[in-house]
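Okay, so here's the structure we're looking at.
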Amino acid sequence: GGLVRVRVKSVDLKKNALRLTMKEESEYISAEDLEAGQTVAATLTGRHGRRGFYADIGADRPGLLPFSELCEGFPEDVSRFSMGRRLSLRVLQVGKSSVLLTHREGPLERARPPGVEARARSGNLFAFAGVAPERWLEGEIVG
């Protein structure tokens with residue numbers, strides 16, 4: 001029941017989403033100051049569809065924790081990652097609109113299977129940049 005003072009962080013008309021915060025602008029760190037491998041304190045703030053979770057890391061843009069980065073291997077139970085949960089995460093990559101995070105331990109880079117040059121990640125299709133639309137590809141389903 002009490003009154004709160006909030007500031008609008010963003011408005012997404014396509015998704016009909018409004019992001020609010022109670023933090024002052026000066027309380028945020030610039031995502032540009034974050035580096036890969038850096039550990040950050042995070043609070044899970046929402047679900048990113050079937051891809052993972054949004055996380056508040058105190059930066060000027062949201063953190064994104066993909067399901068594939070919850071643990072090594074396939075995450076069998078994501079229910080232990082609930083909204084409001086505080087975690088210690090590491091920065092994988094700083095993007096234009098979000099900061100990609102991981103909860104895995106060990107090296108940031110994942111080992112690639114033998115013979116695999118580049119693997120497309122969700123939202124990152126650089127491996128297919130030069131492939132013509134009519135070209136057929138052969139592959140193996142893994143996982």
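In the structure tokens, chains take letters A, B, ... by order of appearance, with residues numbered from 1 within each chain and ligands from 1 in the order shown.
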Non-local contacts of Arg51 in chain A (9 Å; only C-alpha atoms; under 5 positions in same chain excluded) as a ChimeraX atom specification: /A:65-68,122
Writing out the chosen residues with N, CA, C and O atoms as a CSV table (one decimal), in the first residue's frame:
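Okay, selection35.csv is ready:
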chain,number,residue,atom,x,y,z
A,65,LEU,N,20.2,-13.7,-19.4
A,65,LEU,CA,20.8,-15.0,-19.0
A,65,LEU,C,20.1,-16.1,-19.7
A,65,LEU,O,19.0,-16.5,-19.4
A,66,PRO,N,20.6,-16.6,-20.8
A,66,PRO,CA,20.0,-17.6,-21.6
A,66,PRO,C,19.9,-18.9,-20.8
A,66,PRO,O,20.8,-19.2,-20.0
A,67,PHE,N,18.9,-19.8,-21.1
A,67,PHE,CA,18.8,-21.1,-20.5
A,67,PHE,C,20.1,-21.9,-20.7
A,67,PHE,O,20.6,-22.6,-19.8
A,68,SER,N,20.7,-21.7,-21.9
A,68,SER,CA,21.9,-22.5,-22.2
A,68,SER,C,23.1,-22.1,-21.3
A,68,SER,O,24.1,-22.8,-21.2
A,122,SER,N,21.5,-18.2,-30.4
A,122,SER,CA,20.3,-17.5,-30.5
A,122,SER,C,20.5,-16.0,-30.7
A,122,SER,O,21.2,-15.3,-30.0
Close residues, Phe53 in chain A itself excluded, 6 Å, only C-alpha atoms, min 2 positions apart in chain, as an MDAnalysis selection string: chainID A and resid 46:48 64:65
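Distance check against Thr102 in chain A using only C-alpha atoms: of A:Thr39, A:Gly84, A:Gly58, A:Thr45, the minimum falls on A:Thr39.
Of the residues under consideration (A:Gln38, A:Asn16, A:Ser98, A:Thr43), A:Thr43 shows the shortest atom-to-atom contact distance to Met83 in chain A when counting only C-alpha atoms.
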